[in-house]
file start_7.txt (compact mmCIF, C-alpha atoms)
# COMPACT_ATOMS: atom_id res chain seq x y z
CA MET A 123 30.29 -9.27 -27.16
CA ALA A 124 31.30 -12.76 -28.28
CA ASN A 125 35.01 -11.81 -28.25
CA ARG A 126 34.97 -10.70 -24.64
CA MET A 127 32.15 -12.52 -22.85
CA SER A 128 30.77 -16.03 -23.32
CA LYS A 129 27.04 -16.67 -23.23
CA VAL A 130 27.35 -18.43 -19.86
CA GLU A 131 29.18 -15.44 -18.36
CA PHE A 132 26.65 -13.05 -19.89
CA ILE A 133 23.73 -14.95 -18.33
CA ALA A 134 25.48 -14.97 -14.95
CA LEU A 135 26.02 -11.19 -15.11
CA ILE A 136 22.39 -10.54 -16.09
CA ALA A 137 21.18 -12.79 -13.26
CA MET A 138 23.31 -10.76 -10.83
CA MET A 139 21.71 -7.56 -12.11
CA PHE A 140 18.23 -9.04 -11.69
CA ALA A 141 19.20 -10.17 -8.18
CA THR A 142 19.93 -6.62 -6.99
CA ILE A 143 16.26 -6.06 -6.14
CA ALA A 144 15.68 -9.31 -4.26
CA PHE A 145 18.96 -9.00 -2.36
CA SER A 146 18.17 -5.39 -1.40
CA ILE A 147 14.76 -6.35 0.01
CA ASP A 148 14.98 -9.89 1.37
CA SER A 149 18.36 -9.61 3.09
CA MET A 150 16.93 -6.75 5.17
CA LEU A 151 14.19 -8.91 6.71
CA PRO A 152 16.28 -10.39 9.57
CA ALA A 153 17.57 -6.89 10.43
CA LEU A 154 14.16 -5.32 11.08
CA PRO A 155 13.92 -6.16 14.82
CA GLU A 156 17.36 -4.69 15.61
CA ILE A 157 16.77 -1.60 13.48
CA GLY A 158 13.39 -1.03 15.10
CA ALA A 159 14.83 -1.47 18.60
CA GLN A 160 17.71 0.96 17.96
CA LEU A 161 16.16 3.62 15.72
CA SER A 162 12.45 3.49 16.62
CA PRO A 163 12.14 2.00 20.13
CA ASP A 164 8.75 3.64 20.73
CA ASP A 165 7.24 1.95 17.65
CA VAL A 166 9.43 -0.90 16.38
CA ASN A 167 6.82 -1.76 13.74
CA ARG A 168 7.90 1.34 11.76
CA ALA A 169 11.04 -0.56 10.74
CA GLN A 170 8.87 -2.31 8.10
CA LEU A 171 8.92 0.96 6.14
CA ILE A 172 12.53 0.13 5.24
CA LEU A 173 11.12 -2.36 2.74
CA THR A 174 8.35 -0.27 1.19
CA SER A 175 10.51 2.88 0.99
CA PHE A 176 12.99 0.96 -1.19
CA VAL A 177 10.16 -0.34 -3.39
CA LEU A 178 8.77 3.19 -3.71
CA GLY A 179 12.12 4.54 -4.93
CA MET A 180 12.52 1.61 -7.32
CA GLY A 181 9.09 2.23 -8.80
CA ILE A 182 9.81 5.92 -9.39
CA GLY A 183 13.19 5.10 -10.93
CA THR A 184 11.64 2.52 -13.25
CA PHE A 185 9.60 5.27 -14.94
CA PHE A 186 12.76 7.07 -16.14
CA THR A 187 15.46 4.40 -16.36
CA GLY A 188 14.35 2.72 -19.59
CA PRO A 189 13.96 5.93 -21.65
CA LEU A 190 17.20 7.33 -20.20
CA SER A 191 19.10 4.21 -21.30
CA ASP A 192 17.60 4.60 -24.80
CA ALA A 193 19.01 8.14 -24.92
CA LEU A 194 22.36 7.82 -23.12
CA GLY A 195 23.29 4.17 -23.62
CA ARG A 196 22.92 1.18 -21.31
CA LYS A 197 26.18 1.32 -19.34
CA PRO A 198 26.07 5.03 -18.34
CA VAL A 199 22.62 4.55 -16.80
CA ILE A 200 23.76 1.47 -14.86
CA TYR A 201 26.83 3.35 -13.64
CA GLY A 202 24.68 6.29 -12.56
CA GLY A 203 22.21 3.99 -10.81
CA ALA A 204 25.02 2.14 -9.05
CA ALA A 205 26.51 5.43 -7.85
CA LEU A 206 23.16 6.42 -6.32
CA TYR A 207 22.76 2.95 -4.81
CA ILE A 208 26.25 2.98 -3.24
CA ALA A 209 25.96 6.54 -1.91
CA ALA A 210 22.54 5.80 -0.38
CA SER A 211 23.87 2.59 1.19
CA ALA A 212 26.69 4.57 2.79
CA VAL A 213 24.22 7.14 4.17
CA ALA A 214 22.00 4.38 5.59
CA TRP A 215 25.04 2.73 7.18
CA ALA A 216 25.94 5.97 8.98
CA SER A 217 22.38 7.00 9.89
CA SER A 218 21.35 7.61 13.49
CA SER A 219 17.62 8.02 12.80
CA LEU A 220 15.04 5.83 11.10
CA GLU A 221 13.84 8.79 9.02
CA LEU A 222 17.27 9.21 7.43
CA VAL A 223 17.50 5.47 6.74
CA LEU A 224 14.11 5.62 5.00
CA ILE A 225 15.20 8.55 2.81
CA ALA A 226 18.39 6.66 1.94
CA ARG A 227 16.35 3.58 1.05
CA VAL A 228 14.17 5.59 -1.36
CA VAL A 229 17.34 6.83 -3.10
CA GLN A 230 18.77 3.32 -3.02
CA GLY A 231 15.62 2.10 -4.79
CA LEU A 232 16.03 4.81 -7.43
CA GLY A 233 19.54 3.52 -8.11
CA ALA A 234 18.50 -0.14 -8.14
CA ALA A 235 15.99 0.55 -10.91
CA GLY A 236 18.98 0.80 -13.28
CA PRO A 237 20.06 -2.85 -13.23
CA ARG A 238 16.44 -4.02 -13.01
CA VAL A 239 15.26 -2.33 -16.22
CA VAL A 240 18.43 -1.91 -18.25
CA ALA A 241 19.49 -5.55 -17.91
CA MET A 242 16.38 -6.55 -19.86
CA ALA A 243 17.14 -3.89 -22.49
CA ILE A 244 20.69 -5.25 -22.88
CA ILE A 245 19.28 -8.72 -23.59
CA ARG A 246 16.95 -7.22 -26.22
CA ASP A 247 19.91 -5.39 -27.79
CA LEU A 248 22.00 -8.53 -28.19
CA TYR A 249 19.47 -11.32 -28.76
CA SER A 250 16.05 -11.82 -30.29
CA GLY A 251 13.28 -14.38 -30.63
CA ARG A 252 13.61 -17.76 -28.98
CA GLU A 253 17.24 -17.20 -28.03
CA MET A 254 16.27 -14.06 -26.11
CA ALA A 255 13.48 -15.95 -24.34
CA ARG A 256 15.87 -18.78 -23.50
CA ILE A 257 18.45 -16.43 -21.95
CA ILE A 258 15.80 -14.61 -19.93
CA SER A 259 14.39 -17.92 -18.68
CA ILE A 260 17.80 -19.21 -17.57
CA ALA A 261 18.67 -15.90 -15.89
CA MET A 262 15.33 -15.87 -14.09
CA MET A 263 15.85 -19.45 -12.89
CA ILE A 264 19.13 -18.35 -11.30
CA PHE A 265 17.42 -15.25 -9.96
CA THR A 266 14.77 -17.31 -8.12
CA LEU A 267 17.50 -18.72 -5.88
CA VAL A 268 18.31 -15.24 -4.50
CA PRO A 269 15.12 -14.71 -2.45
CA ALA A 270 15.72 -18.13 -0.90
CA ALA A 271 19.30 -17.34 0.12
CA ALA A 272 19.12 -13.58 0.82
CA PRO A 273 17.64 -13.75 4.36
CA MET A 274 20.24 -16.35 5.36
CA LEU A 275 23.01 -14.16 3.94
CA GLY A 276 21.55 -11.17 5.76
CA ALA A 277 21.37 -13.10 9.03
CA GLY A 278 25.01 -14.15 8.62
CA VAL A 279 26.14 -10.58 8.02
CA ILE A 280 24.15 -9.37 11.03
CA ALA A 281 25.67 -12.05 13.26
CA LEU A 282 29.18 -10.94 12.27
CA PHE A 283 28.86 -7.17 11.83
CA GLY A 284 25.44 -6.06 13.10
CA TRP A 285 22.59 -4.66 11.01
CA ARG A 286 24.74 -1.86 9.56
CA GLY A 287 26.89 -4.52 7.90
CA ILE A 288 23.98 -5.25 5.54
CA PHE A 289 24.50 -1.86 3.89
CA VAL A 290 28.21 -2.55 3.47
CA SER A 291 27.29 -5.80 1.71
CA PHE A 292 25.05 -3.80 -0.65
CA ILE A 293 28.00 -1.57 -1.54
CA LEU A 294 30.25 -4.57 -2.22
CA PHE A 295 27.54 -6.27 -4.29
CA ALA A 296 27.08 -3.16 -6.48
CA LEU A 297 30.86 -2.71 -6.92
CA ILE A 298 31.21 -6.32 -8.08
CA ILE A 299 28.46 -5.91 -10.68
CA ILE A 300 29.65 -2.61 -12.17
CA SER A 301 33.29 -3.73 -12.18
CA TRP A 302 32.38 -6.99 -13.89
CA MET A 303 30.17 -5.21 -16.41
CA GLY A 304 32.66 -2.40 -17.01
CA ILE A 305 35.54 -4.76 -17.76
CA ARG A 306 33.77 -7.53 -19.65
CA LEU A 307 30.63 -6.17 -21.34
CA PRO A 308 30.82 -3.65 -24.19
CA GLU A 309 28.09 -1.03 -24.64
CA SER A 310 25.17 -2.84 -26.35
CA LEU A 311 23.32 0.17 -27.77
CA ALA A 312 25.14 1.85 -30.65
CA ARG A 313 25.14 5.64 -30.64
CA GLU A 314 23.23 5.82 -33.93
CA ASN A 315 20.39 3.72 -32.42
CA ARG A 316 19.79 5.99 -29.44
CA ARG A 317 16.60 8.03 -29.08
CA PRO A 318 16.23 11.42 -27.37
CA PHE A 319 14.73 11.50 -23.89
CA ARG A 320 11.38 13.27 -24.07
CA ILE A 321 9.12 13.47 -21.04
CA PRO A 322 6.04 14.45 -23.13
CA LEU A 323 6.34 11.11 -24.96
CA MET A 324 6.24 9.28 -21.63
CA PHE A 325 3.07 11.05 -20.55
CA SER A 326 1.56 10.47 -23.99
CA ALA A 327 2.32 6.74 -23.69
CA THR A 328 0.77 6.67 -20.22
CA LYS A 329 -2.40 8.35 -21.51
CA GLU A 330 -2.64 5.88 -24.42
CA MET A 331 -2.21 2.89 -22.13
CA PHE A 332 -4.91 3.97 -19.68
CA SER A 333 -7.31 4.65 -22.55
CA HIS A 334 -7.16 0.96 -23.54
CA PRO A 335 -9.60 -0.97 -21.29
CA THR A 336 -7.69 -4.25 -21.11
CA VAL A 337 -4.36 -2.53 -20.43
CA ARG A 338 -5.95 -0.28 -17.80
CA LEU A 339 -7.56 -3.21 -15.97
CA SER A 340 -4.37 -5.27 -16.17
CA ILE A 341 -2.31 -2.48 -14.58
CA ILE A 342 -4.83 -2.12 -11.73
CA VAL A 343 -4.89 -5.87 -11.08
CA GLN A 344 -1.09 -6.04 -11.31
CA THR A 345 -0.93 -3.27 -8.70
CA LEU A 346 -3.20 -5.25 -6.38
CA CYS A 347 -1.22 -8.48 -6.85
CA MET A 348 2.03 -6.67 -6.16
CA GLY A 349 0.31 -5.09 -3.15
CA VAL A 350 -0.45 -8.60 -1.86
CA LEU A 351 3.18 -9.62 -2.30
CA PHE A 352 4.64 -6.49 -0.70
CA THR A 353 2.17 -6.67 2.21
CA MET A 354 3.26 -10.22 2.95
CA LEU A 355 6.94 -9.22 2.69
CA THR A 356 6.54 -6.29 5.08
CA MET A 357 4.74 -8.33 7.75
CA VAL A 358 6.24 -11.80 7.41
CA GLN A 359 9.21 -11.24 9.73
CA PRO A 360 7.10 -9.82 12.61
CA VAL A 361 4.72 -12.76 12.22
CA TYR A 362 7.57 -15.26 12.59
CA ASP A 363 9.13 -13.28 15.45
CA VAL A 364 6.27 -11.90 17.53
CA ILE A 365 3.51 -14.47 16.92
CA HIS A 366 5.47 -17.69 16.48
CA ASP A 367 8.73 -16.88 18.32
CA ARG A 368 10.84 -18.22 15.44
CA ALA A 369 13.03 -15.22 14.63
CA GLU A 370 16.23 -17.31 14.61
CA SER A 371 14.90 -19.89 12.16
CA PHE A 372 13.05 -17.31 10.01
CA PRO A 373 15.74 -17.10 7.25
CA PHE A 374 15.60 -20.87 6.75
CA TRP A 375 11.80 -21.01 6.62
CA PHE A 376 11.73 -18.05 4.23
CA GLY A 377 14.24 -19.80 1.98
CA PHE A 378 12.18 -22.99 2.02
CA VAL A 379 9.00 -21.10 1.09
CA ALA A 380 10.77 -19.20 -1.69
CA LEU A 381 12.05 -22.43 -3.22
CA MET A 382 8.66 -24.13 -3.02
CA SER A 383 6.80 -21.20 -4.54
CA GLY A 384 9.40 -20.94 -7.30
CA SER A 385 7.63 -23.82 -9.04
CA ALA A 386 4.84 -21.37 -9.99
CA SER A 387 6.75 -20.35 -13.11
CA LEU A 388 7.03 -24.00 -14.20
CA LEU A 389 3.30 -24.58 -13.73
CA ASN A 390 2.46 -21.39 -15.58
CA ALA A 391 4.75 -22.31 -18.49
CA ALA A 392 3.07 -25.71 -18.75
CA LEU A 393 -0.52 -24.42 -18.70
CA VAL A 394 -0.62 -20.85 -20.03
CA VAL A 395 -0.56 -21.78 -23.73
CA ARG A 396 -3.61 -24.03 -23.33
CA VAL A 397 -5.50 -22.06 -20.68
CA GLY A 398 -4.63 -18.48 -21.55
CA MET A 399 -3.13 -15.67 -19.48
CA ARG A 400 -6.39 -14.15 -18.27
CA ARG A 401 -7.80 -17.46 -17.03
CA MET A 402 -4.54 -18.33 -15.27
CA VAL A 403 -4.66 -15.04 -13.38
CA THR A 404 -8.37 -15.38 -12.59
CA TRP A 405 -7.97 -18.96 -11.31
CA ALA A 406 -4.94 -18.03 -9.21
CA LEU A 407 -6.81 -15.15 -7.57
CA GLY A 408 -9.90 -17.29 -7.00
CA GLY A 409 -7.77 -19.98 -5.39
CA GLN A 410 -6.09 -17.40 -3.16
CA ILE A 411 -9.48 -16.09 -2.00
CA VAL A 412 -10.51 -19.63 -0.96
CA ILE A 413 -7.17 -20.33 0.78
CA THR A 414 -7.07 -17.00 2.65
CA THR A 415 -10.68 -17.44 3.81
CA PHE A 416 -9.74 -20.93 5.01
CA VAL A 417 -6.74 -19.52 6.91
CA MET A 418 -8.87 -16.82 8.54
CA THR A 419 -11.47 -19.40 9.63
CA LEU A 420 -8.92 -21.80 11.14
CA ASN A 421 -7.01 -18.97 12.78
CA ALA A 422 -10.18 -17.97 14.61
CA ALA A 423 -10.44 -21.54 15.95
CA HIS A 424 -7.35 -21.06 18.19
CA LEU A 425 -5.13 -23.84 16.85
CA SER A 426 -2.14 -25.20 18.71
CA PRO A 427 1.08 -23.18 18.22
CA ASP A 428 2.63 -25.81 15.91
CA ALA A 429 -0.55 -26.16 13.83
CA SER A 430 -0.93 -22.38 13.61
CA PHE A 431 2.68 -22.03 12.42
CA ALA A 432 2.31 -24.78 9.81
CA LEU A 433 -0.85 -23.10 8.54
CA PHE A 434 0.93 -19.78 8.15
CA VAL A 435 3.88 -21.33 6.28
CA PHE A 436 1.41 -23.01 3.91
CA TRP A 437 -0.43 -19.71 3.36
CA GLN A 438 2.80 -17.74 2.83
CA THR A 439 3.84 -20.29 0.19
CA MET A 440 0.48 -19.94 -1.59
CA VAL A 441 0.72 -16.13 -1.57
CA PHE A 442 4.17 -16.24 -3.16
CA PHE A 443 2.94 -18.92 -5.57
CA MET A 444 0.00 -16.73 -6.62
CA ALA A 445 2.37 -13.81 -7.25
CA GLY A 446 4.55 -16.08 -9.40
CA VAL A 447 1.56 -17.06 -11.56
CA THR A 448 -0.13 -13.67 -11.85
CA LEU A 449 2.53 -10.96 -12.21
CA GLY A 450 4.19 -12.20 -15.41
CA ASN A 451 0.86 -12.92 -17.09
CA LEU A 452 -0.58 -9.54 -16.13
CA ASN A 453 2.47 -7.77 -17.51
CA ALA A 454 2.15 -9.72 -20.76
CA ILE A 455 -1.58 -8.89 -21.01
CA ALA A 456 -0.82 -5.19 -20.59
CA MET A 457 2.06 -5.25 -23.07
CA GLU A 458 0.27 -7.18 -25.83
CA PRO A 459 -1.63 -4.20 -27.36
CA MET A 460 1.33 -1.85 -26.78
CA GLY A 461 3.89 -3.37 -29.16
CA HIS A 462 4.43 -0.06 -30.94
CA ILE A 463 5.66 1.56 -27.69
CA ALA A 464 6.94 -1.56 -25.94
CA GLY A 465 9.98 -0.04 -24.20
CA MET A 466 8.09 2.98 -22.92
CA ALA A 467 5.13 0.82 -21.92
CA ALA A 468 7.34 -1.53 -19.88
CA SER A 469 8.74 1.41 -17.89
CA VAL A 470 5.32 2.96 -17.31
CA ILE A 471 3.65 -0.32 -16.27
CA GLY A 472 6.48 -1.25 -13.93
CA SER A 473 6.63 2.20 -12.36
CA ILE A 474 2.91 2.76 -11.78
CA SER A 475 2.18 -0.71 -10.42
CA THR A 476 5.23 -0.73 -8.13
CA VAL A 477 4.68 2.74 -6.65
CA LEU A 478 0.97 2.17 -6.02
CA ALA A 479 1.58 -1.31 -4.58
CA ALA A 480 4.10 0.13 -2.12
CA ALA A 481 1.58 2.82 -1.18
CA ILE A 482 -0.99 0.09 -0.43
CA ALA A 483 1.37 -2.22 1.48
CA ALA A 484 2.98 0.40 3.77
CA PRO A 485 -0.12 1.41 5.78
CA ILE A 486 -1.35 -2.19 6.03
CA GLY A 487 2.04 -3.23 7.41
CA LEU A 488 1.84 -0.54 10.09
CA LEU A 489 -1.42 -2.10 11.34
CA PHE A 490 0.40 -5.17 12.68
CA ASP A 491 -1.00 -5.74 16.18
CA GLY A 492 0.52 -9.06 17.23
CA SER A 493 -1.94 -11.10 15.16
CA ILE A 494 -2.28 -12.01 11.47
CA THR A 495 -5.73 -10.40 11.23
CA PRO A 496 -4.58 -7.18 9.46
CA LEU A 497 -2.48 -9.26 7.07
CA THR A 498 -5.21 -11.75 6.15
CA PHE A 499 -7.91 -9.08 5.88
CA GLY A 500 -5.71 -6.85 3.70
CA ILE A 501 -4.69 -9.66 1.35
CA LEU A 502 -8.23 -11.07 1.10
CA SER A 503 -9.63 -7.61 0.25
CA MET A 504 -7.07 -7.06 -2.53
CA CYS A 505 -7.64 -10.54 -3.98
CA ILE A 506 -11.43 -10.13 -4.04
CA LEU A 507 -11.14 -6.76 -5.80
CA ALA A 508 -8.58 -8.12 -8.29
CA PHE A 509 -10.73 -11.21 -8.96
CA GLY A 510 -13.75 -9.03 -9.72
CA LEU A 511 -11.69 -6.88 -12.09
CA MET A 512 -10.44 -9.98 -13.95
CA LEU A 513 -14.03 -11.18 -14.43
CA HIS A 514 -14.85 -7.71 -15.77
CA MET A 515 -11.82 -7.93 -18.08
CA GLY A 516 -13.31 -11.09 -19.59
CA ARG A 517 -16.54 -9.27 -20.38
CA VAL A 518 -14.60 -6.31 -21.81
CA GLU A 519 -12.57 -8.58 -24.10
CA GLU A 520 -15.77 -10.12 -25.46
CA ARG A 521 -16.91 -6.65 -26.55
CA LEU A 522 -13.61 -5.66 -28.17
CA PRO A 523 -13.34 -6.06 -31.96
CA ALA A 524 -11.43 -9.16 -33.06
call {"tool": "encode", "arguments": {"input": "start_7.txt", "output": "structure tokens"}}
result
Amino acid sequence: MANRMSKVEFIALIAMMFATIAFSIDSMLPALPEIGAQLSPDDVNRAQLILTSFVLGMGIGTFFTGPLSDALGRKPVIYGGAALYIAASAVAWASSSLELVLIARVVQGLGAAGPRVVAMAIIRDLYSGREMARIISIAMMIFTLVPAAAPMLGAGVIALFGWRGIFVSFILFALIIISWMGIRLPESLARENRRPFRIPLMFSATKEMFSHPTVRLSIIVQTLCMGVLFTMLTMVQPVYDVIHDRAESFPFWFGFVALMSGSASLLNAALVVRVGMRRMVTWALGGQIVITTFVMTLNAAHLSPDASFALFVFWQTMVFFMAGVTLGNLNAIAMEPMGHIAGMAASVIGSISTVLAAAIAAPIGLLFDGSITPLTFGILSMCILAFGLMLHMGRVEERLPA
């Protein structure tokens, strides 16, 4: 790789691969009102399913993408995923019904799972130890800028080309990545290091993971935390638009919140070694329960419009911040006892938690009734359940042999 791609260029390419997911979700947020008005005028709230349908497809794809790349090589799987992603984007662009757009988004999510999973495998192929951690950290720092900018980019595309232009931008984005990778990055997994794709091994790994109490609890809590995040993402644009009448400024507020909540990773890095992963997750969930209860109480007090909006922006920031603290730690907790099947475990954990979180978020999003009550109640319920499970995890760990 050194002869053809510098480390700086490699990190930039990996960050672009990571960004596929955030760009595919967050840039769609400003388009939801127009899509709902055109394709589902009788129930514009159904447009939110455009987000969760993509997440559902991505979660399903995550289950297979890692093992497939171990068997076929990294680049063929990314090419195949990109082909699915581009074809689905073209179908969504041409669709005249919301149902067809939703089907296309599921397929688009299947394709996007390629860059999401395989990019991490490529890093593992080429680097190890502290250097691998350093490259992942730098790539993730770049990646955190994408959720902040994606809604503004989406709004700009919509202003110039309408909501269908978003799907054209997805096609261009995917073509840039695969062209860049195809020209500059050699295959990172040698043929002699590839392993056959065996579905029975995947189900065996899943059974082993759910038989371990700490891993099982961590996956359930991770599902709930992702459910909190996806629920906020599905309902945040209607809240800005319908409740606060700030649809035009929504991309800028979303970008501000994304940047502010991005500091969660810095706080976690500073404290997790001293505090521990389980306590960090438990404290974050406990804090979110207090904050959400506070928001529900003040919301019932009928604040002024400006005060109500400021309160929601604060709460949205705290929800994103909680996700930033909990998700990485929960994944690490689940992976720690699974070192002997790390690659398979990563695919299984990512797939199960993502699919179930999308299944939780979708119906809650459809309950939007012009108030934040369904959103606050849904998030508070998930946080309370997750908090209780983390306390139970502490008791389970005390009983486990050292």
call {"tool": "residues_around", "arguments": {"input": "start_7.txt", "residues": "Val343 in chain A", "least_positions_apart": "2", "cutoff": "12 Å", "atoms": "all atoms listed in the file", "output": "VMD selection string"}}
result
chain A and resid 336 to 341 345 to 350 400 403 to 404 407 445 448 to 453 455 to 456 471 474 to 476 478 to 479 504 to 515
call {"tool": "closest_residue", "arguments": {"input": "start_7.txt", "among": "A:Phe372, A:Phe292, A:Phe434, A:Tyr362", "to": "Val279 in chain A", "atoms": "all atoms listed in the file"}}
result
A:Phe292
call {"tool": "atom_distance", "arguments": {"input": "start_7.txt", "atom1": "CA of Ala261 in chain A", "atom2": "CA of Thr328 in chain A"}}
result
29.1 Å
call {"tool": "atom_distance", "arguments": {"input": "start_7.txt", "atom1": "CA of Ala468 in chain A", "atom2": "CA of Thr184 in chain A"}}
result
8.9 Å
call {"tool": "atom_distance", "arguments": {"input": "start_7.txt", "atom1": "CA of Ile258 in chain A", "atom2": "CA of Ser128 in chain A"}}
result
15.4 Å
call {"tool": "closest_residue", "arguments": {"input": "start_7.txt", "among": "A:Ala141, A:Met418, A:Leu489, A:Ala406", "to": "Trp437 in chain A", "atoms": "all atoms listed in the file"}}
result
A:Met418
call {"tool": "closest_residue", "arguments": {"input": "start_7.txt", "among": "A:Leu151, A:Leu311, A:Met466, A:Ala392", "to": "Trp285 in chain A", "atoms": "all atoms listed in the file"}}
result
A:Leu151
call {"tool": "closest_residue", "arguments": {"input": "start_7.txt", "among": "A:Ile365, A:Ala159, A:Ile293, A:Met399", "to": "Leu206 in chain A", "atoms": "all atoms listed in the file"}}
result
A:Ile293
call {"tool": "closest_residue", "arguments": {"input": "start_7.txt", "among": "A:Gln160, A:Ser493, A:Ser218, A:Ser426", "to": "Val364 in chain A", "atoms": "all atoms listed in the file"}}
result
A:Ser493
call {"tool": "closest_residue", "arguments": {"input": "start_7.txt", "among": "A:Ile298, A:Ala205, A:Leu388, A:Leu220", "to": "Gly158 in chain A", "atoms": "only C-alpha atoms"}}
result
A:Leu220
call {"tool": "residues_around", "arguments": {"input": "start_7.txt", "residues": "Ala484 in chain A", "least_positions_apart": "2", "cutoff": "9 Å", "atoms": "all atoms listed in the file", "output": "list in words"}}
result
Gln170, Leu171, Leu173, Thr174, Ser175, Phe352, Thr353, Thr356, Ala479, Ala480, Ala481, Ile482, Ile486, Gly487 and Leu488 of chain A
call {"tool": "residues_near_point", "arguments": {"input": "start_7.txt", "point": "(13.3, -3.6, 19.6)", "cutoff": "12 Å", "atoms": "only C-alpha atoms", "output": "ChimeraX atom specification"}}
result
/A:153-169,360,363-364
call {"tool": "residues_around", "arguments": {"input": "start_7.txt", "residues": "Thr495 in chain A", "least_positions_apart": "4", "cutoff": "10 Å", "atoms": "only C-alpha atoms", "output": "mmCIF file with C-alpha atoms, keeping the file's coordinate frame"}}
result
data_model
loop_
_atom_site.group_PDB
_atom_site.id
_atom_site.type_symbol
_atom_site.label_atom_id
_atom_site.label_comp_id
_atom_site.auth_asym_id
_atom_site.auth_seq_id
_atom_site.Cartn_x
_atom_site.Cartn_y
_atom_site.Cartn_z
ATOM 1 C CA MET A 418 -8.870 -16.820 8.540
ATOM 2 C CA ASN A 421 -7.010 -18.970 12.780
ATOM 3 C CA ALA A 422 -10.180 -17.970 14.610
ATOM 4 C CA LEU A 489 -1.420 -2.100 11.340
ATOM 5 C CA PHE A 490 0.400 -5.170 12.680
ATOM 6 C CA ASP A 491 -1.000 -5.740 16.180
ATOM 7 C CA PHE A 499 -7.910 -9.080 5.880
ATOM 8 C CA GLY A 500 -5.710 -6.850 3.700
ATOM 9 C CA ILE A 501 -4.690 -9.660 1.350
#
call {"tool": "residues_around", "arguments": {"input": "start_7.txt", "residues": "range 380-382 of chain A", "least_positions_apart": "6", "cutoff": "9 Å", "atoms": "all atoms listed in the file", "output": "list in words"}}
result
Thr266, Leu267, Val268, Pro269, Ala270, Ala271, Thr439, Phe442 and Phe443 of chain A
call {"tool": "residues_around", "arguments": {"input": "start_7.txt", "residues": "Leu248 in chain A", "least_positions_apart": "3", "cutoff": "9 Å", "atoms": "only C-alpha atoms", "output": "PDB file with C-alpha atoms, in the frame of the given file"}}
result
ATOM      1  CA  MET A 123      30.290  -9.270 -27.160  1.00  0.00           C
ATOM      2  CA  ALA A 243      17.140  -3.890 -22.490  1.00  0.00           C
ATOM      3  CA  ILE A 244      20.690  -5.250 -22.880  1.00  0.00           C
ATOM      4  CA  ILE A 245      19.280  -8.720 -23.590  1.00  0.00           C
ATOM      5  CA  MET A 254      16.270 -14.060 -26.110  1.00  0.00           C
ATOM      6  CA  SER A 310      25.170  -2.840 -26.350  1.00  0.00           C
ATOM      7  CA  LEU A 311      23.320   0.170 -27.770  1.00  0.00           C
TER       8      LEU A 311
END
call {"tool": "axis_aligned_box", "arguments": {"input": "start_7.txt", "around": "range 183-198 of chain A", "padding_each_side": "3 Å", "output": "AutoDock Vina command-line options"}}
result
--center_x 17.9 --center_y 4.7 --center_z -17.9 --size_x 22.6 --size_y 13.0 --size_z 20.0
